[in-house]
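J.: Supplied in structure tokens, the structure appears directly below.
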Amino acid sequence: MDLGIEGRKAIVCASSRGLGKACALSLAREGAHVVINGLNVERLEATKVEIESIAKGSVTAVAADINTEDGRTKLLQACPKIDILVNNNEGPPPGQFQKWQRQDFESAIDANFMAPALLIQAVIEGMKERRFGRIVNITSAMVKSPRSAMGLSTSARTALTALCKGISVDLAPFNITINNMLPERFDTDRQKFMAEMVMKLKGISREEAFAEIHESIAAKRMGSPTEFGDACAFLCSAQAGYISGQNLQLDGGSYPGLI
């Protein structure tokens, strides 16, 4: 299927690795001009080379901290007349509610609510003028099924979900969509980190930790980053213009609810 985004201009935040990188790869493969972002310059440049090997369009790497105004400005200046924005950012680690300090909450809100909200605010007027826009926020499956240990992440991401649901209605007449992707248990560095936490907590081997993770998933396996990236590319496609304000669960069928 031709997704109709060849030549479109895209920013993918936090895309030097993990799910952000997967989205950038899929968009580049479809012919979009992709701006990738990260803080580690060496890793960012390596990712740029990798994406260029399959890209039909240009690939630009921007080392910038999107939690800062200067970082967001630098990223936006690298992609004038943006058509596609994929918001992504590292989430805070799990912890205990009683131990979190004010700074912990503020950091989570800055990274997982303020940064994406301000980027959306910056791009939508241009998208309205051009009557095309695709905004995808990478959030978390726990937005729908919260757990206390992930409270810093889910509280900020849920606020973003609510904000975007409201503005999606206002933007729909301009052929601008806003959707959220809710991942859980993808084969990325994040899951390796989570497995290491389980190993330390339970005193078990890496193989046993991953076996526990796989058993917790209905599909009995982790998701492939490629599966995630391709789902993102479809949400950014011309064909997805009638899909907006939605939360796409990507969890191997694990979520037990109806909505």
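Chain identifiers are assigned as A, B, and so on, following the order in which chains appear in the structure tokens; residues are numbered from 1 within each chain, and ligands are numbered from 1 in order of appearance.
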To test your reading of the structure, identify every residue in region 115-207 of chain A that backbone DSSP assigns to strand (DSSP E), and report it as a list in words.
T.: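 Answer for region 115-207 of chain A restricted to strand (DSSP E) is Gly133, Arg134, Ile135, Val136, Asn137, Ile138, Ile176, Thr177, Ile178, Asn179, Asn180, Met181, Leu182 and Pro183 of chain A.
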J.: Dump N, CA and C atoms for the selected residues as a PDB file, in the first residue's frame?
T.:
ATOM      1  N   GLY A 133      -2.026  17.548   8.353  1.00  0.00           N
ATOM      2  CA  GLY A 133      -1.190  17.359   9.537  1.00  0.00           C
ATOM      3  C   GLY A 133      -1.459  16.011  10.174  1.00  0.00           C
ATOM      4  N   ARG A 134      -0.407  15.366  10.595  1.00  0.00           N
ATOM      5  CA  ARG A 134      -0.525  14.113  11.324  1.00  0.00           C
ATOM      6  C   ARG A 134       0.328  14.226  12.592  1.00  0.00           C
ATOM      7  N   ILE A 135      -0.311  14.128  13.739  1.00  0.00           N
ATOM      8  CA  ILE A 135       0.371  14.204  15.024  1.00  0.00           C
ATOM      9  C   ILE A 135       0.141  12.890  15.752  1.00  0.00           C
ATOM     10  N   VAL A 136       1.227  12.263  16.135  1.00  0.00           N
ATOM     11  CA  VAL A 136       1.158  11.003  16.864  1.00  0.00           C
ATOM     12  C   VAL A 136       1.957  11.150  18.154  1.00  0.00           C
ATOM     13  N   ASN A 137       1.331  10.823  19.258  1.00  0.00           N
ATOM     14  CA  ASN A 137       2.012  10.848  20.550  1.00  0.00           C
ATOM     15  C   ASN A 137       2.271   9.419  21.014  1.00  0.00           C
ATOM     16  N   ILE A 138       3.519   9.105  21.302  1.00  0.00           N
ATOM     17  CA  ILE A 138       3.842   7.809  21.883  1.00  0.00           C
ATOM     18  C   ILE A 138       3.706   7.943  23.395  1.00  0.00           C
ATOM     19  N   ILE A 176      -6.230  17.551   9.925  1.00  0.00           N
ATOM     20  CA  ILE A 176      -5.163  17.326  10.901  1.00  0.00           C
ATOM     21  C   ILE A 176      -5.678  16.304  11.904  1.00  0.00           C
ATOM     22  N   THR A 177      -4.932  15.232  12.078  1.00  0.00           N
ATOM     23  CA  THR A 177      -5.319  14.210  13.033  1.00  0.00           C
ATOM     24  C   THR A 177      -4.332  14.173  14.197  1.00  0.00           C
ATOM     25  N   ILE A 178      -4.833  13.796  15.358  1.00  0.00           N
ATOM     26  CA  ILE A 178      -3.996  13.580  16.541  1.00  0.00           C
ATOM     27  C   ILE A 178      -4.383  12.233  17.138  1.00  0.00           C
ATOM     28  N   ASN A 179      -3.429  11.351  17.230  1.00  0.00           N
ATOM     29  CA  ASN A 179      -3.675  10.030  17.810  1.00  0.00           C
ATOM     30  C   ASN A 179      -2.543   9.666  18.764  1.00  0.00           C
ATOM     31  N   ASN A 180      -2.846   8.751  19.660  1.00  0.00           N
ATOM     32  CA  ASN A 180      -1.873   8.299  20.648  1.00  0.00           C
ATOM     33  C   ASN A 180      -1.611   6.814  20.466  1.00  0.00           C
ATOM     34  N   MET A 181      -0.340   6.445  20.537  1.00  0.00           N
ATOM     35  CA  MET A 181       0.046   5.037  20.479  1.00  0.00           C
ATOM     36  C   MET A 181       0.440   4.604  21.888  1.00  0.00           C
ATOM     37  N   LEU A 182      -0.171   3.508  22.349  1.00  0.00           N
ATOM     38  CA  LEU A 182      -0.006   3.051  23.720  1.00  0.00           C
ATOM     39  C   LEU A 182       0.757   1.727  23.740  1.00  0.00           C
ATOM     40  N   PRO A 183       2.085   1.794  23.778  1.00  0.00           N
ATOM     41  CA  PRO A 183       2.870   0.564  23.712  1.00  0.00           C
ATOM     42  C   PRO A 183       3.016  -0.115  25.072  1.00  0.00           C
TER      43      PRO A 183
END
J.: I want to know what sits within 12 Å of region 48-50 of chain A, based on only C-alpha atoms, with residues of the same chain fewer than 6 positions away left out; could you give that as a ChimeraX atom specification?
T.: /A:15-17,21-22,24-25,28-29,34-38,41-42,58-63
J.: Env of Ala122 (chain A): 10 Å cut, atoms = only C-alpha atoms, seq-sep filter 5 positions within chain, self excluded. Answer as a list in words.
T.: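 In the requested format, the answer is Arg72, Thr73, Leu76, Pro116, Ala117 and Met127 of chain A.
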J.: Taking 4 positions as the minimum chain separation for residues in the same chain, which residues sit within 12 Å of Pro92 (chain A) when counting only C-alpha atoms? Answer as an mmCIF file with N, CA and C atoms, in the first residue's frame.
T.:
data_model
loop_
_atom_site.group_PDB
_atom_site.id
_atom_site.type_symbol
_atom_site.label_atom_id
_atom_site.label_comp_id
_atom_site.auth_asym_id
_atom_site.auth_seq_id
_atom_site.Cartn_x
_atom_site.Cartn_y
_atom_site.Cartn_z
ATOM 1 N N GLN A 96 8.040 4.605 44.024
ATOM 2 C CA GLN A 96 7.004 4.544 45.058
ATOM 3 C C GLN A 96 6.448 5.932 45.310
ATOM 4 N N TRP A 100 8.336 10.009 46.127
ATOM 5 C CA TRP A 100 8.529 11.011 45.092
ATOM 6 C C TRP A 100 8.481 12.415 45.679
ATOM 7 N N GLN A 103 10.133 17.725 42.704
ATOM 8 C CA GLN A 103 10.959 17.766 41.503
ATOM 9 C C GLN A 103 10.708 16.570 40.601
ATOM 10 N N ASP A 104 10.414 15.426 41.189
ATOM 11 C CA ASP A 104 10.109 14.237 40.388
ATOM 12 C C ASP A 104 8.844 14.453 39.559
ATOM 13 N N PHE A 105 7.823 15.022 40.178
ATOM 14 C CA PHE A 105 6.577 15.299 39.456
ATOM 15 C C PHE A 105 6.796 16.351 38.376
ATOM 16 N N GLU A 106 7.541 17.398 38.702
ATOM 17 C CA GLU A 106 7.778 18.466 37.729
ATOM 18 C C GLU A 106 8.568 17.959 36.523
ATOM 19 N N SER A 107 9.544 17.107 36.772
ATOM 20 C CA SER A 107 10.338 16.556 35.664
ATOM 21 C C SER A 107 9.478 15.698 34.747
ATOM 22 N N ALA A 108 8.599 14.891 35.332
ATOM 23 C CA ALA A 108 7.707 14.050 34.531
ATOM 24 C C ALA A 108 6.760 14.896 33.698
ATOM 25 N N ILE A 109 6.227 15.935 34.294
ATOM 26 C CA ILE A 109 5.292 16.812 33.578
ATOM 27 C C ILE A 109 6.005 17.554 32.453
ATOM 28 N N ASP A 110 7.220 18.034 32.716
ATOM 29 C CA ASP A 110 7.987 18.733 31.678
ATOM 30 C C ASP A 110 8.250 17.827 30.475
ATOM 31 N N ALA A 111 8.638 16.583 30.740
ATOM 32 C CA ALA A 111 9.040 15.676 29.661
ATOM 33 C C ALA A 111 7.863 15.049 28.935
ATOM 34 N N ASN A 112 6.830 14.686 29.669
ATOM 35 C CA ASN A 112 5.761 13.864 29.092
ATOM 36 C C ASN A 112 4.435 14.590 28.918
ATOM 37 N N SER A 140 1.731 5.420 26.633
ATOM 38 C CA SER A 140 1.958 4.174 27.360
ATOM 39 C C SER A 140 0.652 3.421 27.507
ATOM 40 N N ALA A 149 3.335 2.150 40.555
ATOM 41 C CA ALA A 149 4.782 2.279 40.366
ATOM 42 C C ALA A 149 5.125 3.173 39.181
ATOM 43 N N MET A 150 4.217 3.267 38.201
ATOM 44 C CA MET A 150 4.447 4.084 37.014
ATOM 45 C C MET A 150 3.658 5.388 37.073
ATOM 46 N N GLY A 151 3.325 5.819 38.272
ATOM 47 C CA GLY A 151 2.465 6.988 38.438
ATOM 48 C C GLY A 151 3.017 8.274 37.874
ATOM 49 N N LEU A 152 4.323 8.473 37.929
ATOM 50 C CA LEU A 152 4.896 9.685 37.363
ATOM 51 C C LEU A 152 4.649 9.744 35.857
ATOM 52 N N SER A 153 4.868 8.633 35.192
ATOM 53 C CA SER A 153 4.685 8.560 33.748
ATOM 54 C C SER A 153 3.214 8.690 33.362
ATOM 55 N N THR A 154 2.377 7.874 33.991
ATOM 56 C CA THR A 154 0.985 7.820 33.544
ATOM 57 C C THR A 154 0.213 9.092 33.876
ATOM 58 N N SER A 155 0.546 9.767 34.956
ATOM 59 C CA SER A 155 -0.171 10.999 35.285
ATOM 60 C C SER A 155 0.079 12.070 34.236
ATOM 61 N N ALA A 156 1.353 12.235 33.832
ATOM 62 C CA ALA A 156 1.674 13.242 32.819
ATOM 63 C C ALA A 156 1.133 12.853 31.449
ATOM 64 N N ARG A 157 1.254 11.579 31.092
ATOM 65 C CA ARG A 157 0.802 11.132 29.773
ATOM 66 C C ARG A 157 -0.719 11.148 29.667
ATOM 67 N N ARG A 190 14.310 -0.182 26.830
ATOM 68 C CA ARG A 190 13.451 0.045 28.001
ATOM 69 C C ARG A 190 13.078 -1.281 28.659
#
J.: Considering only C-alpha atoms, state which residue in the set A:Gly245, A:Gly223, A:Gly18, A:Gly71 is at the smallest distance from Leu118 (chain A).
T.: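 Under the stated criterion, the closest residue is A:Gly71.
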J.: Using Å and a single decimal, report how far CA of Gly166 (chain A) sits from CA of Tyr242 (chain A).
T.: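 Interatomic distance here is 16.1 Å.
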J.: Would you give me, as a PyMOL selection string, the residues in region 36-123 of chain A that DSSP reads as helix (DSSP H, G or I)?
T.: chain A and resi 41-52+69-77+97-99+102-123
